[in-house]
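The structure file final20.txt is reproduced below (compact mmCIF, C-alpha atoms).
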```txt
# COMPACT_ATOMS: atom_id res chain seq x y z
CA MET A 1 0.00 0.00 0.00
CA GLU A 2 1.10 3.56 -0.76
CA THR A 3 1.95 5.78 2.21
CA ILE A 4 2.25 9.49 2.91
CA GLU A 5 4.42 11.21 5.52
CA LEU A 6 2.99 14.06 7.63
CA THR A 7 4.05 16.23 10.53
CA ARG A 8 1.91 16.64 13.63
CA LYS A 9 0.86 20.10 12.45
CA GLU A 10 -0.20 18.75 9.04
CA LEU A 11 -2.31 15.97 10.57
CA TYR A 12 -3.77 18.46 13.06
CA ASP A 13 -4.90 20.69 10.18
CA ILE A 14 -6.40 17.68 8.38
CA VAL A 15 -8.50 16.38 11.30
CA TRP A 16 -9.90 19.88 11.91
CA THR A 17 -10.90 20.37 8.28
CA THR A 18 -11.99 16.87 7.23
CA THR A 19 -14.60 14.64 8.89
CA LEU A 20 -13.66 11.19 10.14
CA SER A 21 -15.95 9.54 7.60
CA LYS A 22 -14.03 11.19 4.75
CA LEU A 23 -10.67 10.47 6.37
CA THR A 24 -11.47 6.75 6.52
CA GLN A 25 -12.17 6.89 2.78
CA GLN A 26 -8.82 8.51 2.06
CA TYR A 27 -6.67 6.54 4.50
CA ALA A 28 -6.66 2.83 5.39
CA TYR A 29 -7.83 3.37 8.97
CA SER A 30 -11.05 3.05 10.88
CA ASN A 31 -12.47 5.87 13.02
CA ASP A 32 -10.83 4.36 16.08
CA GLY A 33 -7.58 3.90 14.17
CA ILE A 34 -7.38 7.63 13.36
CA LYS A 35 -8.30 8.55 16.93
CA LYS A 36 -5.54 6.30 18.27
CA LEU A 37 -3.01 7.94 15.94
CA CYS A 38 -4.01 11.40 17.12
CA LYS A 39 -3.80 10.28 20.74
CA GLN A 40 -0.39 8.72 20.14
CA PHE A 41 0.98 11.97 18.67
CA GLU A 42 -0.90 14.19 21.15
CA ILE A 43 -3.02 15.85 18.46
CA PRO A 44 -6.33 17.30 19.73
CA MET A 45 -9.46 16.37 17.75
CA PRO A 46 -12.83 18.16 17.40
CA ASP A 47 -15.72 16.85 19.50
CA GLY A 48 -19.03 15.63 18.11
CA SER A 49 -20.65 19.10 18.06
CA TYR A 50 -17.82 20.77 16.13
CA TRP A 51 -18.99 19.90 12.62
CA SER A 52 -22.58 20.94 13.33
CA LYS A 53 -21.45 24.32 14.72
CA LEU A 54 -19.12 24.77 11.75
CA LYS A 55 -21.93 24.02 9.31
CA PHE A 56 -24.29 26.61 10.82
CA ASN A 57 -21.56 29.20 11.47
CA LYS A 58 -21.89 28.91 15.23
CA LYS A 59 -19.09 29.73 17.63
CA PHE A 60 -16.84 26.86 18.61
CA LYS A 61 -13.65 26.38 20.57
CA LYS A 62 -10.74 24.98 18.59
CA GLU A 63 -8.15 23.37 20.82
CA LYS A 64 -4.65 24.43 19.89
CA LEU A 65 -1.85 22.01 19.06
CA ASN A 66 0.89 21.92 21.68
CA PRO A 67 4.16 22.39 19.75
CA VAL A 68 6.09 20.60 22.50
CA PHE A 69 6.17 16.86 21.78
CA GLY A 70 8.53 14.29 23.22
CA GLY A 71 8.43 11.92 20.26
CA VAL A 72 9.49 12.08 16.61
CA ASP A 73 7.47 14.57 14.57
CA LYS A 74 6.90 12.13 11.74
CA ILE A 75 3.60 10.34 10.99
CA VAL A 76 3.35 7.76 8.20
CA LEU A 77 -0.22 7.22 6.99
CA THR A 78 -1.30 4.43 4.63
CA LEU A 79 -3.48 5.57 1.76
CA ARG A 80 -6.58 3.51 1.03
CA GLU A 81 -6.58 1.67 -2.26
CA GLU A 82 -9.76 1.90 -4.27
CA GLY A 83 -12.16 -0.91 -3.41
CA ASN A 84 -10.01 -2.12 -0.49
CA SER A 85 -11.89 -2.03 2.81
CA VAL A 86 -9.04 -3.45 4.90
CA ASN A 87 -7.76 -1.11 7.59
CA VAL A 88 -4.16 -1.00 8.77
CA ALA A 89 -5.17 -1.24 12.40
CA GLN A 90 -7.46 -4.24 11.83
CA THR A 91 -6.65 -7.60 13.39
CA PRO A 92 -5.84 -10.58 11.14
CA LEU A 93 -9.20 -12.08 12.16
CA THR A 94 -11.11 -9.02 10.98
CA ILE A 95 -9.14 -8.87 7.73
CA ILE A 96 -9.85 -12.51 6.82
CA THR A 97 -13.50 -12.15 7.91
CA HIS A 98 -13.97 -9.16 5.60
CA GLU A 99 -12.21 -11.01 2.80
CA ILE A 100 -14.72 -13.88 3.10
CA GLU A 101 -17.72 -11.57 3.50
CA ASN A 102 -16.72 -9.54 0.44
CA ASP A 103 -16.33 -12.64 -1.76
CA PRO A 104 -19.52 -12.72 -3.88
CA ASN A 105 -19.11 -16.44 -4.58
CA ALA A 106 -18.64 -17.54 -0.98
CA PRO A 107 -21.64 -19.65 0.25
CA LEU A 108 -22.52 -17.61 3.35
CA ILE A 109 -26.32 -17.86 3.40
CA VAL A 110 -27.82 -20.70 5.44
CA PRO A 111 -30.95 -21.73 3.50
CA ASP A 112 -34.33 -22.56 4.99
CA LYS A 113 -34.05 -25.93 3.26
CA ILE A 114 -31.02 -27.88 2.08
CA ILE A 115 -31.22 -28.32 -1.69
CA LYS A 116 -27.93 -30.05 -2.56
CA PRO A 117 -26.68 -31.61 0.68
CA ASP A 118 -23.00 -32.26 1.24
CA ILE A 119 -22.02 -35.93 1.52
CA LEU A 120 -21.35 -35.39 5.24
CA THR A 121 -24.88 -34.03 5.67
CA ILE A 122 -26.24 -37.20 4.07
CA GLN A 123 -24.03 -39.46 6.19
CA THR A 124 -25.06 -37.64 9.38
CA LYS A 125 -28.77 -38.07 8.60
CA GLN A 126 -28.21 -41.75 7.77
CA TYR A 127 -26.37 -42.20 11.06
CA TRP A 128 -29.26 -40.64 12.97
CA GLN A 129 -31.67 -42.92 11.14
CA GLY A 130 -29.60 -45.97 12.05
CA LYS A 131 -28.82 -46.76 8.41
CA ILE A 132 -25.05 -46.64 8.93
CA SER A 133 -22.75 -47.22 11.87
CA PHE A 134 -19.11 -46.55 12.48
CA THR A 135 -16.88 -49.43 13.48
CA SER A 136 -13.69 -47.38 13.75
CA TYR A 137 -12.85 -43.73 14.25
CA ARG A 138 -10.30 -44.16 11.46
CA GLU A 139 -13.05 -44.41 8.83
CA ASP A 140 -12.53 -40.79 7.78
CA SER A 141 -14.49 -41.30 4.53
CA ARG A 142 -17.65 -41.91 6.57
CA ILE A 143 -17.41 -39.24 9.24
CA LYS A 144 -20.44 -37.38 10.51
CA TYR A 145 -20.95 -33.89 11.85
CA PRO A 146 -20.06 -33.27 15.53
CA ILE A 147 -23.62 -32.25 16.49
CA ARG A 148 -25.01 -32.51 20.03
CA VAL A 149 -28.48 -30.95 20.04
CA GLU A 150 -32.05 -32.00 20.79
CA LYS A 151 -33.92 -33.87 18.04
CA ASN A 152 -36.22 -30.93 17.36
CA ASN A 153 -33.15 -28.78 16.60
CA ARG A 154 -31.33 -31.25 14.39
CA GLU A 155 -32.67 -29.78 11.16
CA ARG A 156 -31.31 -26.32 11.99
CA ALA A 157 -27.98 -27.87 13.05
CA LEU A 158 -27.75 -29.74 9.74
CA ARG A 159 -28.48 -26.60 7.71
CA PHE A 160 -25.80 -24.71 9.62
CA MET A 161 -23.18 -27.47 9.32
CA ASP A 162 -24.02 -28.10 5.65
CA THR A 163 -23.42 -24.42 4.79
CA LEU A 164 -20.30 -24.30 6.96
CA THR A 165 -18.92 -27.40 5.22
CA LYS A 166 -19.60 -25.93 1.78
CA LEU A 167 -17.88 -22.69 2.79
CA LEU A 168 -14.89 -24.64 4.11
CA ARG A 169 -14.66 -26.65 0.89
CA TYR A 170 -14.95 -23.41 -1.12
CA ARG A 171 -11.95 -22.08 0.85
CA GLY A 172 -9.97 -25.25 0.04
CA HIS A 173 -10.48 -27.08 3.34
CA THR A 174 -12.32 -30.21 4.40
CA LEU A 175 -13.62 -32.10 7.44
CA SER A 176 -11.77 -35.09 8.82
CA LYS A 177 -10.86 -36.86 12.06
CA GLN A 178 -7.76 -37.08 14.20
CA TYR A 179 -7.46 -39.42 17.18
CA GLY A 180 -11.24 -39.82 17.16
CA TYR A 181 -11.99 -36.08 17.26
CA ASP A 182 -13.99 -34.30 14.57
CA CYS A 183 -11.81 -31.68 12.90
CA VAL A 184 -11.45 -29.25 10.06
CA LEU A 185 -8.37 -30.03 7.99
CA ILE A 186 -6.59 -26.87 6.82
CA ASP A 187 -3.18 -27.12 5.15
CA ASN A 188 -2.51 -30.45 6.90
CA ILE A 189 -3.44 -28.93 10.27
CA TYR A 190 -6.32 -30.49 12.23
CA VAL A 191 -8.55 -28.08 14.18
CA GLU A 192 -11.22 -29.61 16.40
CA ILE A 193 -14.83 -28.42 16.03
CA ASP A 194 -18.02 -29.05 17.95
CA LEU A 195 -21.64 -27.88 17.71
CA ARG A 196 -23.78 -28.29 20.81
CA GLU A 197 -26.95 -26.95 22.34
CA ALA A 198 -26.64 -24.88 25.50
CA SER A 199 -28.44 -26.06 28.61
CA LYS A 200 -29.78 -24.31 31.67
CA ARG A 201 -29.15 -25.68 35.14
CA ILE A 202 -32.20 -26.12 37.34
CA PRO A 203 -31.23 -26.43 41.03
CA PRO A 204 -32.63 -29.43 42.98
CA THR A 205 -36.00 -28.91 44.65
CA THR A 206 -35.27 -31.35 47.49
CA LYS A 207 -32.41 -31.59 49.95
CA TYR A 208 -30.90 -34.71 48.40
CA GLY A 209 -32.04 -34.13 44.87
CA SER A 210 -29.76 -33.44 41.93
CA SER A 211 -29.66 -30.56 39.48
CA GLU A 212 -31.47 -30.82 36.18
CA TYR A 213 -30.17 -29.50 32.90
CA ILE A 214 -32.72 -28.30 30.36
CA PRO A 215 -31.83 -27.54 26.71
CA THR A 216 -32.28 -23.87 25.86
CA GLY A 217 -32.37 -24.07 22.07
CA GLU A 218 -29.29 -21.81 21.86
CA PHE A 219 -26.44 -23.16 19.76
CA ILE A 220 -22.76 -23.00 20.70
CA PHE A 221 -20.02 -23.66 18.17
CA LYS A 222 -16.50 -24.35 19.43
CA VAL A 223 -13.20 -24.53 17.56
CA GLY A 224 -9.74 -25.49 18.78
CA LYS A 225 -8.78 -26.77 22.20
CA TYR A 226 -6.94 -25.80 25.36
CA SER A 227 -5.59 -22.23 25.26
CA GLY A 228 -6.53 -21.84 21.58
CA GLU A 229 -10.18 -22.65 22.16
CA ARG A 230 -12.83 -20.23 20.89
CA GLU A 231 -16.64 -20.35 21.14
CA TRP A 232 -19.52 -18.54 19.43
CA ARG A 233 -23.01 -18.56 20.91
CA ASP A 234 -26.44 -17.57 19.69
CA GLY A 235 -27.31 -14.06 20.78
CA LYS A 236 -28.55 -11.01 18.95
CA VAL A 237 -26.71 -12.54 16.02
CA LYS A 238 -27.30 -16.27 15.44
CA LEU A 239 -24.51 -18.65 14.51
CA GLU A 240 -25.80 -18.54 10.93
CA GLY A 241 -24.63 -14.93 10.75
CA MET A 242 -21.14 -15.75 12.05
CA LEU A 243 -19.98 -18.19 9.36
CA ALA A 244 -17.35 -15.87 7.88
CA ARG A 245 -15.84 -15.11 11.27
CA ILE A 246 -15.86 -18.79 12.30
CA VAL A 247 -14.03 -19.87 9.14
CA ALA A 248 -11.61 -16.95 9.50
CA LYS A 249 -10.80 -18.08 13.04
CA LEU A 250 -10.30 -21.67 11.89
CA GLU A 251 -7.87 -20.49 9.23
CA LEU A 252 -6.00 -18.34 11.73
CA ILE A 253 -5.69 -21.21 14.20
CA ALA A 254 -4.34 -23.45 11.43
CA GLN A 255 -1.99 -20.70 10.24
CA ARG A 256 -0.56 -20.17 13.73
CA GLU A 257 -0.24 -23.91 14.27
CA LYS A 258 1.58 -24.15 10.93
CA GLU A 259 3.89 -21.30 11.94
CA TRP A 260 4.52 -23.01 15.29
CA GLU A 261 5.36 -26.26 13.49
CA GLU A 262 7.77 -24.38 11.21
CA ARG A 263 9.42 -22.67 14.18
CA SER A 264 9.70 -26.05 15.90
CA ARG A 265 11.17 -27.60 12.74
CA ILE A 266 13.77 -24.84 12.46
CA ALA A 267 14.53 -25.06 16.19
CA ASN A 268 14.98 -28.84 15.88
CA LEU A 269 17.30 -28.38 12.90
CA LYS A 270 19.35 -25.86 14.87
CA ARG A 271 19.40 -28.19 17.88
CA GLU A 272 20.50 -31.11 15.70
CA GLU A 273 23.18 -28.94 14.09
CA GLU A 274 24.39 -27.83 17.51
CA GLU A 275 24.42 -31.42 18.78
CA LYS A 276 26.33 -32.47 15.65
CA ARG A 277 28.79 -29.61 16.15
CA LYS A 278 29.30 -30.59 19.79
CA ALA A 279 29.67 -34.25 18.81
CA GLU A 280 32.33 -33.29 16.26
CA ILE A 281 34.15 -31.25 18.90
CA ASN A 282 33.93 -34.14 21.38
CA LYS A 283 35.14 -36.57 18.71
CA ARG A 284 38.09 -34.34 17.82
CA ARG A 285 38.90 -33.87 21.51
CA ASP A 286 38.74 -37.63 22.15
CA GLU A 287 40.95 -38.27 19.12
CA GLU A 288 43.37 -35.63 20.33
CA VAL A 289 43.42 -37.15 23.82
CA ASP A 290 44.05 -40.60 22.35
CA LYS A 291 46.90 -39.27 20.22
CA PHE A 292 48.39 -37.48 23.21
CA ASN A 293 48.09 -40.55 25.44
CA ARG A 294 49.74 -42.55 22.68
CA LEU A 295 52.52 -39.97 22.56
CA VAL A 296 53.02 -40.20 26.32
CA LYS A 297 53.06 -43.99 26.16
CA LEU A 298 55.61 -44.03 23.33
CA SER A 299 57.73 -41.44 25.15
CA GLU A 300 57.72 -43.55 28.30
CA GLN A 301 58.50 -46.64 26.18
CA TYR A 302 61.39 -44.81 24.53
CA ASP A 303 62.63 -43.67 27.93
CA LYS A 304 62.65 -47.30 29.11
CA THR A 305 64.60 -48.23 25.97
CA LEU A 306 67.30 -45.71 26.84
CA ILE A 307 67.58 -47.11 30.36
CA ILE A 308 67.83 -50.67 28.99
CA ARG A 309 70.54 -49.65 26.51
CA GLN A 310 72.46 -47.80 29.26
CA TYR A 311 72.27 -50.92 31.39
CA ILE A 312 73.46 -53.14 28.53
CA GLU A 313 76.37 -50.79 27.89
CA ALA A 314 77.24 -50.75 31.60
CA VAL A 315 77.27 -54.56 31.71
CA LYS A 316 79.44 -54.67 28.62
CA GLN A 317 81.93 -52.11 30.02
CA LYS A 318 82.18 -53.96 33.31
CA ALA A 319 82.87 -57.19 31.49
CA ILE A 320 85.58 -55.47 29.47
CA ASN A 321 87.11 -53.82 32.51
CA THR A 322 87.19 -57.11 34.42
CA ASN A 323 88.36 -59.06 31.40
CA ASN A 324 85.20 -61.13 31.60
CA LEU A 325 83.68 -60.58 28.13
CA THR A 326 82.99 -64.25 27.65
CA PRO A 327 81.04 -65.81 24.76
CA GLU A 328 78.12 -66.26 27.15
CA LYS A 329 78.29 -62.58 28.06
CA LEU A 330 78.42 -61.55 24.41
CA GLU A 331 75.45 -63.78 23.68
CA TRP A 332 73.53 -62.11 26.53
CA ILE A 333 74.50 -58.63 25.26
CA ASP A 334 73.22 -59.55 21.80
CA TRP A 335 69.98 -60.93 23.27
CA ALA A 336 69.45 -57.81 25.43
CA THR A 337 70.17 -55.50 22.49
CA ASN A 338 67.52 -57.32 20.40
CA LYS A 339 65.02 -56.89 23.23
CA ALA A 340 65.88 -53.17 23.46
CA ASP A 341 65.31 -52.87 19.69
CA TRP A 342 61.97 -54.68 20.13
CA VAL A 343 60.89 -52.22 22.87
CA ASP A 344 62.25 -49.14 21.07
CA PRO A 345 59.24 -47.40 19.36
CA LEU A 346 61.61 -45.96 16.77
CA ILE A 347 62.78 -49.42 15.69
CA ASN A 348 59.99 -51.88 16.59
CA LYS A 349 62.17 -54.91 15.76
CA PRO A 350 60.10 -58.08 15.49
CA ASP A 351 60.51 -60.74 18.18
CA ASP A 352 59.57 -64.36 17.44
CA ILE A 353 58.67 -65.09 21.03
CA LEU A 354 57.22 -61.81 22.40
CA ASP A 355 55.21 -60.75 19.34
```
Output the structure of this file as structure tokens.
Amino acid sequence: METIELTRKELYDIVWTTTLSKLTQQYAYSNDGIKKLCKQFEIPMPDGSYWSKLKFNKKFKKEKLNPVFGGVDKIVLTLREEGNSVNVAQTPLTIITHEIENDPNAPLIVPDKIIKPDILTIQTKQYWQGKISFTSYREDSRIKYPIRVEKNNRERALRFMDTLTKLLRYRGHTLSKQYGYDCVLIDNIYVEIDLREASKRIPPTTKYGSSEYIPTGEFIFKVGKYSGEREWRDGKVKLEGMLARIVAKLELIAQREKEWEERSRIANLKREEEEKRKAEINKRRDEEVDKFNRLVKLSEQYDKTLIIRQYIEAVKQKAINTNNLTPEKLEWIDWATNKADWVDPLINKPDDILD
């Protein structure tokens, strides 16, 4: 969307010369959105009687703009595109709801009588009539609507669920089951749904009696579970008039669940990469420790070799000095030298007996 940059003084002049209804046509904001902007930038706005007094040339008090402002004197406003009713300050739920409501082909009207029933509508009626039964919750091709209402309200419940199902299919979704729960399947995300009739609690009339719950005829539609649960209930507006908002909420729940799955996937990849990095470090450290221990062992082995050779030389010198270098002694010196060569890590001479 195209934007325009204004100062506080420029926006002040605009709100005192242009009505809110015209401002919302020029800029992508609701009445409340413009009021919040003015409050944020400490810009006074005319009260409700201002425009009437201005029209009939009556006296009015125009509040002056305080030039002292602690924030940045820069306001970026989004211009409204022609035919686009989405406001910048709107929530994602409101934006998707309006998108559905403004789609001329979206099946949003619940008829007084079902003309072309969805296959799930047919299966639900057959289930109620006892014509079909379900032997396993895994039979997704033969699921029925999650309806819990009195018999006299079943027809209305069917008309509502039939239209909801057609709207969901129109939006590219479907109904399915997961772990035995009835769900809407949106982009491979399962969102639980449930339609039930509200009941009123009647306190017991006797001391040891129990409470009685009487159906009220009011419908309650629930989506999601746990902290993401959301309910709509018949009131001034019946559930039939909330279809767009219900589907918008279902899509948002699925979108957030999808985003959570993606964040989890990325987090798992990062965790796996970190674990792999740490494993590589540990492997390199273990290899380095092994090499060092091997070095120490060879050094100690070499040190022992030097001691053995010194001893051999000392024995030889003593034999020479005492004129006792006998053939037996020479044979021993040769044997000891071979053993020193076998121990010496720099020589590693083979030994027929010790190897």
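Minimum distance to Gln255 in chain A across A:Met45, A:Ile100, A:Ile189, A:Ala336 (counting only C-alpha atoms) occurs at A:Ile189.
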Counting only C-alpha atoms, what is within 10 Å of Lys151 in chain A, bar same-chain residues fewer than 4 positions away, as a ChimeraX atom specification?
/A:128,155,157
Protein/DNA/RNA residues near (-10.1, -21.2, 11.7), cut 12 Å, all atoms listed in the file, as a PyMOL selection string
chain A and resi 92-93+96-97+164+167-168+171+173-174+183-187+189-193+222-225+228-231+243-257
Which distance in Å separates CA of Pro111 in chain A and CA of Val237 in chain A, to one decimal?
16.1 Å
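The gap separating CA of Val76 in chain A from CA of Ile4 in chain A is 5.7 Å, in Å to one decimal.
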Contacts of Val72 in chain A at 10 Å or less, counting all atoms listed in the file, minus same-chain residues fewer than 3 places along, as a CSV table (one decimal) with C-alpha atoms, keeping the file's coordinate frame?
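Written out: result-v3.csv:
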```csv
chain,number,residue,atom,x,y,z
A,7,THR,CA,4.0,16.2,10.5
A,8,ARG,CA,1.9,16.6,13.6
A,41,PHE,CA,1.0,12.0,18.7
A,69,PHE,CA,6.2,16.9,21.8
A,75,ILE,CA,3.6,10.3,11.0
```
To one decimal place, how far is CA of Lys238 in chain A from CA of Ile109 in chain A in Å?
12.2 Å
Fewer than 3 positions away in the same chain doesn't count, so skip those; otherwise give me all residues within 12 Å of Tyr127 in chain A, counting all atoms listed in the file, as a VMD selection string.
chain A and resid 120 to 124 130 to 134 142 to 147
In terms of all atoms listed in the file, the residue from A:Ala106, A:Leu77, A:Leu20, A:Val68 at minimal distance from Gly172 in chain A is A:Ala106
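If you measure from each of A:Asp47, A:Glu259, A:Asp162, A:Asp344 to Lys125 in chain A using only C-alpha atoms, the closest one turns out to be A:Asp162.
Comparing the minimum interatomic distances between Ala28 in chain A and each of A:Glu218, A:Glu81, A:Asp355, A:Glu99, counting all atoms listed in the file, we find that A:Glu81 sits nearest.
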Tell me, as a VMD selection string, which residues lie within 12 Å of Glu300 in chain A, counting only C-alpha atoms; anything in the same chain fewer than 5 positions away does not count.
chain A and resid 293 to 295 305 to 307 343 to 345
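Compared by their closest atoms to Gly217 in chain A, and using only C-alpha atoms, the residues A:Arg201, A:Lys258, A:Arg156, A:Lys177 rank with A:Arg156 nearest.
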Using only C-alpha atoms, the shortest atom-to-atom distance to Phe219 in chain A among A:Ala340, A:Val149, A:Ala267, A:Ala279 belongs to A:Val149
